[in-house]
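Next comes final-v2.cif, a file with mmCIF, C-alpha atoms and all ligand atoms.
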```cif
data_run
#
loop_
_atom_site.group_PDB
_atom_site.id
_atom_site.type_symbol
_atom_site.label_atom_id
_atom_site.label_comp_id
_atom_site.auth_asym_id
_atom_site.auth_seq_id
_atom_site.Cartn_x
_atom_site.Cartn_y
_atom_site.Cartn_z
ATOM 1 C CA MET A 1 -7.941 81.401 8.013
ATOM 2 C CA SER A 2 -11.183 83.336 8.349
ATOM 3 C CA THR A 3 -12.665 82.808 4.931
ATOM 4 C CA ILE A 4 -16.403 82.410 4.854
ATOM 5 C CA GLN A 5 -17.334 78.778 4.765
ATOM 6 C CA PRO A 6 -20.701 77.335 3.934
ATOM 7 C CA ILE A 7 -22.490 76.366 7.118
ATOM 8 C CA ALA A 8 -21.901 72.706 6.372
ATOM 9 C CA GLY A 9 -19.979 72.366 9.617
ATOM 10 C CA GLU A 10 -16.761 71.027 8.201
ATOM 11 C CA ASP A 11 -15.279 72.524 5.102
ATOM 12 C CA GLU A 12 -15.111 69.006 3.696
ATOM 13 C CA LYS A 13 -17.311 68.362 0.703
ATOM 14 C CA HIS A 14 -20.318 66.156 1.252
ATOM 15 C CA PRO A 15 -19.387 62.662 -0.003
ATOM 16 C CA ASP A 16 -22.364 62.793 -2.391
ATOM 17 C CA ILE A 17 -20.814 65.728 -4.221
ATOM 18 C CA ALA A 18 -17.677 63.760 -4.988
ATOM 19 C CA LEU A 19 -19.823 60.903 -6.314
ATOM 20 C CA VAL A 20 -21.807 63.311 -8.472
ATOM 21 C CA GLU A 21 -18.587 64.669 -9.917
ATOM 22 C CA GLN A 22 -17.312 61.190 -10.697
ATOM 23 C CA ALA A 23 -20.626 60.260 -12.270
ATOM 24 C CA ARG A 24 -20.533 63.390 -14.410
ATOM 25 C CA SER A 25 -17.164 62.435 -15.746
ATOM 26 C CA GLY A 26 -18.582 59.105 -16.883
ATOM 27 C CA ASP A 27 -18.186 56.816 -13.903
ATOM 28 C CA VAL A 28 -21.555 55.018 -13.784
ATOM 29 C CA SER A 29 -20.639 53.015 -10.737
ATOM 30 C CA ALA A 30 -20.396 56.273 -8.800
ATOM 31 C CA PHE A 31 -23.961 57.029 -9.778
ATOM 32 C CA ASP A 32 -24.933 53.498 -8.871
ATOM 33 C CA THR A 33 -23.570 54.116 -5.386
ATOM 34 C CA LEU A 34 -25.874 57.091 -5.068
ATOM 35 C CA VAL A 35 -28.773 55.007 -6.306
ATOM 36 C CA ARG A 36 -28.143 52.332 -3.708
ATOM 37 C CA LYS A 37 -27.873 54.945 -1.028
ATOM 38 C CA TYR A 38 -31.198 56.574 -1.782
ATOM 39 C CA GLU A 39 -33.361 54.015 -3.588
ATOM 40 C CA ARG A 40 -35.341 53.171 -0.467
ATOM 41 C CA GLN A 41 -36.171 56.779 0.248
ATOM 42 C CA VAL A 42 -37.190 57.513 -3.315
ATOM 43 C CA PHE A 43 -39.401 54.440 -3.446
ATOM 44 C CA ARG A 44 -41.020 55.374 -0.153
ATOM 45 C CA ILE A 45 -41.791 58.898 -1.259
ATOM 46 C CA ALA A 46 -43.257 57.608 -4.519
ATOM 47 C CA GLN A 47 -45.440 55.140 -2.626
ATOM 48 C CA HIS A 48 -46.675 57.778 -0.219
ATOM 49 C CA ILE A 49 -47.642 60.133 -3.014
ATOM 50 C CA THR A 50 -49.021 57.760 -5.631
ATOM 51 C CA GLN A 51 -50.420 55.218 -3.141
ATOM 52 C CA ASN A 52 -50.016 52.657 -5.839
ATOM 53 C CA ARG A 53 -47.319 50.041 -6.054
ATOM 54 C CA GLU A 54 -46.964 49.924 -9.825
ATOM 55 C CA ASP A 55 -46.794 53.685 -10.085
ATOM 56 C CA ALA A 56 -44.243 53.858 -7.316
ATOM 57 C CA GLU A 57 -42.055 51.330 -9.086
ATOM 58 C CA ASP A 58 -42.164 53.299 -12.315
ATOM 59 C CA VAL A 59 -41.611 56.584 -10.541
ATOM 60 C CA MET A 60 -38.555 55.284 -8.773
ATOM 61 C CA GLN A 61 -36.983 54.144 -11.998
ATOM 62 C CA ASP A 62 -37.928 57.293 -13.897
ATOM 63 C CA ALA A 63 -36.698 59.549 -11.102
ATOM 64 C CA PHE A 64 -33.234 58.025 -11.063
ATOM 65 C CA LEU A 65 -32.935 57.961 -14.823
ATOM 66 C CA LYS A 66 -34.013 61.578 -14.957
ATOM 67 C CA ALA A 67 -31.524 62.482 -12.255
ATOM 68 C CA TYR A 68 -28.808 60.759 -14.250
ATOM 69 C CA GLU A 69 -29.713 62.670 -17.377
ATOM 70 C CA LYS A 70 -29.948 65.986 -15.584
ATOM 71 C CA LEU A 71 -26.848 65.534 -13.505
ATOM 72 C CA ASP A 72 -25.175 68.441 -15.271
ATOM 73 C CA GLN A 73 -27.917 70.733 -14.041
ATOM 74 C CA PHE A 74 -27.335 69.830 -10.437
ATOM 75 C CA GLN A 75 -25.948 72.832 -8.605
ATOM 76 C CA GLY A 76 -23.569 72.003 -5.852
ATOM 77 C CA ASN A 77 -25.168 74.572 -3.570
ATOM 78 C CA SER A 78 -28.005 72.287 -2.564
ATOM 79 C CA LYS A 79 -27.767 68.757 -1.262
ATOM 80 C CA PHE A 80 -27.881 66.004 -3.825
ATOM 81 C CA TYR A 81 -30.447 64.197 -1.707
ATOM 82 C CA THR A 82 -32.805 67.189 -1.632
ATOM 83 C CA TRP A 83 -32.391 67.640 -5.352
ATOM 84 C CA LEU A 84 -33.226 63.983 -5.901
ATOM 85 C CA VAL A 85 -36.248 64.185 -3.621
ATOM 86 C CA ARG A 86 -37.562 67.092 -5.650
ATOM 87 C CA ILE A 87 -37.305 65.029 -8.830
ATOM 88 C CA ALA A 88 -39.053 62.109 -7.127
ATOM 89 C CA VAL A 89 -41.889 64.318 -5.862
ATOM 90 C CA ASN A 90 -42.409 65.843 -9.312
ATOM 91 C CA GLU A 91 -42.375 62.475 -11.036
ATOM 92 C CA SER A 92 -44.879 61.144 -8.519
ATOM 93 C CA LEU A 93 -47.239 64.053 -9.014
ATOM 94 C CA MET A 94 -46.993 63.696 -12.773
ATOM 95 C CA ARG A 95 -47.870 60.058 -12.491
ATOM 96 C CA LEU A 96 -50.864 60.877 -10.314
ATOM 97 C CA ARG A 97 -52.133 63.412 -12.814
ATOM 98 C CA LYS A 98 -51.875 60.881 -15.590
ATOM 99 C CA ARG A 99 -53.855 58.366 -13.629
ATOM 100 C CA ARG A 100 -56.550 60.714 -12.530
ATOM 101 C CA THR A 101 -57.073 62.472 -15.806
ATOM 102 C CA GLY A 102 -59.303 65.455 -15.443
ATOM 103 C CA LYS A 103 -59.076 65.444 -11.711
ATOM 104 C CA MET A 104 -56.829 68.142 -10.336
ATOM 105 C CA VAL A 105 -53.912 66.935 -8.373
ATOM 106 C CA SER A 106 -52.332 69.599 -6.319
ATOM 107 C CA ILE A 107 -50.352 69.704 -3.186
ATOM 108 C CA ASP A 108 -50.749 73.392 -2.637
ATOM 109 C CA GLU A 109 -54.514 73.548 -2.450
ATOM 110 C CA ASP A 110 -55.276 74.475 1.085
ATOM 111 C CA VAL A 111 -56.831 71.633 2.889
ATOM 112 C CA GLU A 112 -59.808 72.910 4.765
ATOM 113 C CA THR A 113 -60.259 70.597 7.658
ATOM 114 C CA GLU A 114 -60.503 71.122 11.297
ATOM 115 C CA GLU A 115 -59.817 67.502 11.994
ATOM 116 C CA GLY A 116 -56.966 67.068 14.361
ATOM 117 C CA SER A 117 -56.464 70.750 14.961
ATOM 118 C CA VAL A 118 -57.776 70.159 18.444
ATOM 119 C CA PRO A 119 -56.898 66.841 20.040
ATOM 120 C CA ARG A 120 -60.044 65.015 21.063
ATOM 121 C CA ASP A 121 -58.815 61.579 21.943
ATOM 122 C CA LEU A 122 -56.932 62.309 25.096
ATOM 123 C CA ALA A 123 -56.480 58.789 26.317
ATOM 124 C CA ASP A 124 -52.880 57.971 27.044
ATOM 125 C CA TRP A 125 -51.201 55.223 25.068
ATOM 126 C CA ALA A 126 -49.869 51.939 26.317
ATOM 127 C CA PRO A 127 -46.149 52.157 27.179
ATOM 128 C CA ASP A 128 -44.928 50.375 24.031
ATOM 129 C CA PRO A 129 -48.128 50.288 22.043
ATOM 130 C CA GLU A 130 -46.590 48.862 18.891
ATOM 131 C CA GLN A 131 -45.711 45.694 20.745
ATOM 132 C CA ASN A 132 -49.345 44.702 20.923
ATOM 133 C CA TYR A 133 -49.250 44.021 17.203
ATOM 134 C CA SER A 134 -47.238 41.825 14.887
ATOM 135 C CA GLN A 135 -44.918 43.542 12.409
ATOM 136 C CA THR A 136 -47.386 42.828 9.636
ATOM 137 C CA GLN A 137 -50.352 44.171 11.568
ATOM 138 C CA LEU A 138 -48.418 47.225 12.609
ATOM 139 C CA ALA A 139 -47.296 48.009 9.070
ATOM 140 C CA GLU A 140 -50.901 47.658 7.944
ATOM 141 C CA ILE A 141 -52.109 50.031 10.660
ATOM 142 C CA LEU A 142 -49.441 52.597 9.819
ATOM 143 C CA ARG A 143 -50.177 52.386 6.095
ATOM 144 C CA LYS A 144 -53.922 52.677 6.506
ATOM 145 C CA THR A 145 -53.580 55.566 8.908
ATOM 146 C CA ILE A 146 -51.232 57.668 6.813
ATOM 147 C CA GLN A 147 -53.129 56.912 3.612
ATOM 148 C CA GLY A 148 -56.173 58.529 5.176
ATOM 149 C CA LEU A 149 -54.462 61.901 5.536
ATOM 150 C CA PRO A 150 -55.127 64.604 2.958
ATOM 151 C CA GLN A 151 -52.419 64.483 0.277
ATOM 152 C CA GLY A 152 -51.041 67.917 1.142
ATOM 153 C CA PHE A 153 -50.542 66.928 4.767
ATOM 154 C CA ARG A 154 -49.175 63.519 4.008
ATOM 155 C CA ILE A 155 -46.375 64.739 1.750
ATOM 156 C CA VAL A 156 -45.267 67.342 4.262
ATOM 157 C CA PHE A 157 -45.203 64.787 7.070
ATOM 158 C CA VAL A 158 -43.289 62.268 4.969
ATOM 159 C CA LEU A 159 -40.657 64.733 3.825
ATOM 160 C CA ARG A 160 -40.189 66.395 7.192
ATOM 161 C CA ASP A 161 -40.617 63.587 9.680
ATOM 162 C CA VAL A 162 -39.886 60.397 7.790
ATOM 163 C CA GLU A 163 -37.249 61.534 5.313
ATOM 164 C CA GLY A 164 -35.703 64.157 7.538
ATOM 165 C CA LEU A 165 -35.794 67.237 5.324
ATOM 166 C CA SER A 166 -35.732 70.588 7.066
ATOM 167 C CA THR A 167 -38.737 72.906 7.016
ATOM 168 C CA GLU A 168 -36.947 75.097 4.469
ATOM 169 C CA GLU A 169 -36.057 72.155 2.217
ATOM 170 C CA THR A 170 -39.617 70.841 2.396
ATOM 171 C CA ALA A 171 -41.003 74.259 1.501
ATOM 172 C CA GLU A 172 -38.659 74.562 -1.442
ATOM 173 C CA THR A 173 -39.343 71.046 -2.681
ATOM 174 C CA LEU A 174 -43.104 71.484 -2.618
ATOM 175 C CA GLY A 175 -43.224 75.126 -3.631
ATOM 176 C CA LEU A 176 -44.924 76.048 -0.377
ATOM 177 C CA SER A 177 -44.245 78.867 2.022
ATOM 178 C CA ILE A 178 -42.570 78.074 5.318
ATOM 179 C CA PRO A 179 -45.689 78.953 7.365
ATOM 180 C CA ALA A 180 -47.730 76.640 5.115
ATOM 181 C CA VAL A 181 -45.306 73.782 5.729
ATOM 182 C CA LYS A 182 -45.410 74.426 9.454
ATOM 183 C CA SER A 183 -49.170 74.520 9.713
ATOM 184 C CA ARG A 184 -49.555 71.385 7.623
ATOM 185 C CA LEU A 185 -46.940 69.544 9.607
ATOM 186 C CA LEU A 186 -48.672 70.324 12.872
ATOM 187 C CA ARG A 187 -52.028 69.205 11.575
ATOM 188 C CA ALA A 188 -50.572 66.097 9.956
ATOM 189 C CA ARG A 189 -48.888 65.104 13.189
ATOM 190 C CA LEU A 190 -52.012 65.723 15.239
ATOM 191 C CA GLN A 191 -54.273 63.880 12.834
ATOM 192 C CA LEU A 192 -52.000 60.865 12.704
ATOM 193 C CA ARG A 193 -51.780 60.869 16.458
ATOM 194 C CA GLU A 194 -55.534 61.058 16.773
ATOM 195 C CA ARG A 195 -56.080 58.201 14.345
ATOM 196 C CA LEU A 196 -53.405 55.996 15.872
ATOM 197 C CA SER A 197 -54.962 56.446 19.298
ATOM 198 C CA ARG A 198 -57.631 53.984 18.308
ATOM 199 C CA TYR A 199 -55.015 51.266 18.185
ATOM 200 C CA PHE A 200 -52.504 52.387 20.735
ATOM 201 C CA ARG A 201 -54.526 53.720 23.629
ATOM 202 C CA ARG A 202 -54.093 52.095 26.967
ATOM 203 C CA LYS A 203 -56.902 49.642 27.338
ATOM 204 C CA LYS A 204 -58.796 49.680 30.573
ATOM 205 C CA SER A 205 -60.797 46.580 29.849
ATOM 206 C CA PRO A 206 -60.730 44.312 26.805
ATOM 207 C CA LYS A 207 -63.924 45.905 25.571
ATOM 208 C CA ALA A 208 -62.995 49.519 26.189
ATOM 209 C CA THR A 209 -64.019 51.018 22.891
ATOM 210 C CA GLY A 210 -66.297 53.769 21.745
ATOM 211 C CA VAL A 211 -66.781 57.388 22.463
ATOM 212 C CA GLU A 212 -64.889 59.234 25.098
ATOM 213 C CA LYS A 213 -66.671 61.293 27.639
ATOM 214 C CA MET B 1 -50.398 79.739 28.980
ATOM 215 C CA THR B 2 -53.541 78.130 27.603
ATOM 216 C CA CYS B 3 -53.794 74.736 25.919
ATOM 217 C CA THR B 4 -54.311 76.457 22.565
ATOM 218 C CA GLU B 5 -51.127 78.449 23.030
ATOM 219 C CA PHE B 6 -49.330 75.290 24.026
ATOM 220 C CA LEU B 7 -50.570 73.483 20.934
ATOM 221 C CA ALA B 8 -49.401 76.305 18.693
ATOM 222 C CA LEU B 9 -45.872 75.720 19.958
ATOM 223 C CA LEU B 10 -46.059 71.933 20.001
ATOM 224 C CA ASP B 11 -44.075 71.461 16.804
ATOM 225 C CA ASP B 12 -41.371 73.863 17.859
ATOM 226 C CA LEU B 13 -41.079 72.016 21.128
ATOM 227 C CA ILE B 14 -40.880 68.641 19.406
ATOM 228 C CA ASP B 15 -38.374 69.933 16.878
ATOM 229 C CA ASN B 16 -36.368 71.535 19.627
ATOM 230 C CA SER B 17 -36.539 75.007 18.206
ATOM 231 C CA VAL B 18 -37.772 77.000 21.171
ATOM 232 C CA THR B 19 -35.845 79.425 23.301
ATOM 233 C CA ALA B 20 -34.983 78.410 26.837
ATOM 234 C CA GLU B 21 -37.494 80.912 28.082
ATOM 235 C CA THR B 22 -40.358 79.515 26.002
ATOM 236 C CA ARG B 23 -39.367 75.999 26.935
ATOM 237 C CA ALA B 24 -39.646 76.860 30.598
ATOM 238 C CA GLU B 25 -43.118 78.267 30.029
ATOM 239 C CA LEU B 26 -44.167 75.181 28.099
ATOM 240 C CA GLU B 27 -42.876 72.950 30.826
ATOM 241 C CA ARG B 28 -44.747 74.909 33.420
ATOM 242 C CA HIS B 29 -47.949 74.367 31.464
ATOM 243 C CA LEU B 30 -47.209 70.665 31.061
ATOM 244 C CA HIS B 31 -46.801 70.308 34.761
ATOM 245 C CA GLY B 32 -50.389 71.166 35.430
ATOM 246 C CA CYS B 33 -52.037 69.886 32.257
ATOM 247 C CA GLU B 34 -52.383 66.197 31.707
ATOM 248 C CA HIS B 35 -54.108 66.668 28.349
ATOM 249 C CA CYS B 36 -51.195 68.516 26.832
ATOM 250 C CA GLU B 37 -48.748 66.082 28.354
ATOM 251 C CA VAL B 38 -50.548 63.176 26.680
ATOM 252 C CA THR B 39 -50.748 65.071 23.411
ATOM 253 C CA LEU B 40 -47.035 65.830 23.481
ATOM 254 C CA ASN B 41 -45.968 62.296 24.359
ATOM 255 C CA THR B 42 -48.228 60.533 21.912
ATOM 256 C CA THR B 43 -47.359 62.945 19.102
ATOM 257 C CA ARG B 44 -43.677 62.283 19.716
ATOM 258 C CA LYS B 45 -44.413 58.584 19.688
ATOM 259 C CA THR B 46 -46.343 58.919 16.425
ATOM 260 C CA ILE B 47 -43.347 60.483 14.714
ATOM 261 C CA GLN B 48 -40.960 57.961 16.171
ATOM 262 C CA ILE B 49 -43.097 55.014 15.043
ATOM 263 C CA TYR B 50 -43.323 56.290 11.495
ATOM 264 C CA ARG B 51 -39.631 57.005 11.428
ATOM 265 C CA SER B 52 -38.585 53.582 12.647
ATOM 266 C CA HIS B 53 -40.915 51.299 10.710
ATOM 267 C CA GLU B 54 -40.557 50.575 7.044
ATOM 268 C CA ILE B 55 -44.094 50.382 5.730
ATOM 269 C CA TYR B 56 -43.204 50.138 2.059
ATOM 270 C CA ASP B 57 -40.552 47.551 1.413
ATOM 271 C CA LEU B 58 -38.507 47.905 -1.708
ATOM 272 C CA PRO B 59 -38.809 44.676 -3.716
ATOM 273 C CA PRO B 60 -35.391 43.252 -4.710
ATOM 274 C CA ARG B 61 -36.461 42.656 -8.318
ATOM 275 C CA LEU B 62 -37.196 46.355 -8.562
ATOM 276 C CA ARG B 63 -33.666 47.184 -7.509
ATOM 277 C CA GLU B 64 -32.326 44.839 -10.153
ATOM 278 C CA ARG B 65 -34.549 46.402 -12.788
ATOM 279 C CA LEU B 66 -33.334 49.848 -11.839
ATOM 280 C CA HIS B 67 -29.669 48.941 -11.915
ATOM 281 C CA ALA B 68 -30.080 47.274 -15.287
ATOM 282 C CA ALA B 69 -31.813 50.371 -16.641
ATOM 283 C CA ILE B 70 -29.044 52.619 -15.421
ATOM 284 C CA MET B 71 -26.304 50.479 -16.839
ATOM 285 C CA SER B 72 -28.019 50.280 -20.220
ATOM 286 C CA ARG B 73 -28.426 54.059 -20.273
ATOM 287 C CA CYS B 74 -24.733 54.343 -19.790
ATOM 288 C CA LYS B 75 -23.717 52.176 -22.718
ATOM 289 C CA LYS B 76 -25.556 54.611 -24.947
ATOM 290 C CA GLY B 77 -24.605 57.810 -23.196
ATOM 291 C CA CYS B 78 -21.039 57.590 -21.944
HETATM 292 ZN ZN ZN C 1 -52.927 72.119 28.264
#
```
How does the structure come out when it is put into structure tokens?
Amino acid sequence: MSTIQPIAGEDEKHPDIALVEQARSGDVSAFDTLVRKYERQVFRIAQHITQNREDAEDVMQDAFLKAYEKLDQFQGNSKFYTWLVRIAVNESLMRLRKRRTGKMVSIDEDVETEEGSVPRDLADWAPDPEQNYSQTQLAEILRKTIQGLPQGFRIVFVLRDVEGLSTEETAETLGLSIPAVKSRLLRARLQLRERLSRYFRRKKSPKATGVEK
Amino acid sequence: MTCTEFLALLDDLIDNSVTAETRAELERHLHGCEHCEVTLNTTRKTIQIYRSHEIYDLPPRLRERLHAAIMSRCKKGC
């Protein structure tokens, strides 16, 4: 009983793999189950990369149709979700290139910025800072803030922290080295933190704004 | 440990991938450094806020469009 098992924890197959197999043998509803499971994530990723609603809508549709067509190429040794994310990222980048013809779109250009590498805003935040805003306001703040990050940081943060990919999976998906993913993630996190501080810092007086120290 | 050294390990601390020994060192630094404590807590909070709030809602008509497209693909393909 000591055969080498993949590290998956249990030797049970991931439920996605069974659905992929059913879909391959012609069961569309199995594929539809996968779509329903991951449509939100794929749409989110497309939005974060293209920053454009129409593009994100097209990307989501194209990504799933492409996944359906290429299902035979899916190797069971990676997760279906990661495989799907890779398709979504590629479709999004293609869409961006189309839109910005002539302008290079690359996620692996190194982003030269010192911003956020050293925390400057050191004011503590209110205990539940998001509760000072309505859901709509908060969503607007979060969108604006993350949209201001350099593309190469934003994608890494979204894949790692929002979508829950591992460092290795993120590196593979984006064609980056593991140290590159790590350094971008740190800077993305610190920059977001710095920018959110404007909204979330503990307010001493109603007019406590402006430069620190 | 300096603040710069602490910062270099911030992600590993947040992602829980430090050895017990390193963790102890980090905690010792945190004890005496309010700046790093604030940075750690607010960075954690940043991640948690982005993780728990949907900022791009998926429109229902888009889901319908997608499902229709998939079903039509099937009639041709399978
Ligand atoms: Zn410190």
Would you translate the PyMOL selection byres (((not hetatm)) within 9 of (chain C and resi 1)) into the concrete set of residues it matches in this file, as a PDB file with C-alpha atoms, in the coordinates of the input?
```pdb
ATOM      1  CA  MET B   1     -50.398  79.739  28.980  1.00  0.00           C
ATOM      2  CA  THR B   2     -53.541  78.130  27.603  1.00  0.00           C
ATOM      3  CA  CYS B   3     -53.794  74.736  25.919  1.00  0.00           C
ATOM      4  CA  THR B   4     -54.311  76.457  22.565  1.00  0.00           C
ATOM      5  CA  GLU B   5     -51.127  78.449  23.030  1.00  0.00           C
ATOM      6  CA  PHE B   6     -49.330  75.290  24.026  1.00  0.00           C
ATOM      7  CA  LEU B   7     -50.570  73.483  20.934  1.00  0.00           C
ATOM      8  CA  HIS B  29     -47.949  74.367  31.464  1.00  0.00           C
ATOM      9  CA  LEU B  30     -47.209  70.665  31.061  1.00  0.00           C
ATOM     10  CA  GLY B  32     -50.389  71.166  35.430  1.00  0.00           C
ATOM     11  CA  CYS B  33     -52.037  69.886  32.257  1.00  0.00           C
ATOM     12  CA  GLU B  34     -52.383  66.197  31.707  1.00  0.00           C
ATOM     13  CA  HIS B  35     -54.108  66.668  28.349  1.00  0.00           C
ATOM     14  CA  CYS B  36     -51.195  68.516  26.832  1.00  0.00           C
ATOM     15  CA  GLU B  37     -48.748  66.082  28.354  1.00  0.00           C
ATOM     16  CA  THR B  39     -50.748  65.071  23.411  1.00  0.00           C
TER      17      THR B  39
END
```
Run through the PyMOL selection byres ((chain A) within 8 of (chain B)) on the given coordinates and return the selected residues as a count of residues only. 30
Quick one: 8 Å padding each side, axis-aligned, all listed atoms of segment 150-156 of chain A - centre and edge lengths in Å to one decimal, as AutoDock Vina command-line options?
```
--center_x -50.2 --center_y 65.7 --center_z 2.5 --size_x 25.9 --size_y 20.4 --size_z 20.5
```
Run through the PyMOL selection byres (((chain A and resi 72) around 10) and not hetatm) on the given coordinates and return the selected residues as a list in words. Val20, Glu21, Ala23, Arg24, Ala67, Tyr68, Glu69, Lys70, Leu71, Gln73, Phe74 and Gln75 of chain A
With all atoms listed in the file as the counted atoms, please give the residues lying no more than 8 Å from Phe153 of chain A, apart from itself and same-chain residues fewer than 6 positions off, as a ChimeraX atom specification. /A:184-185,187-188
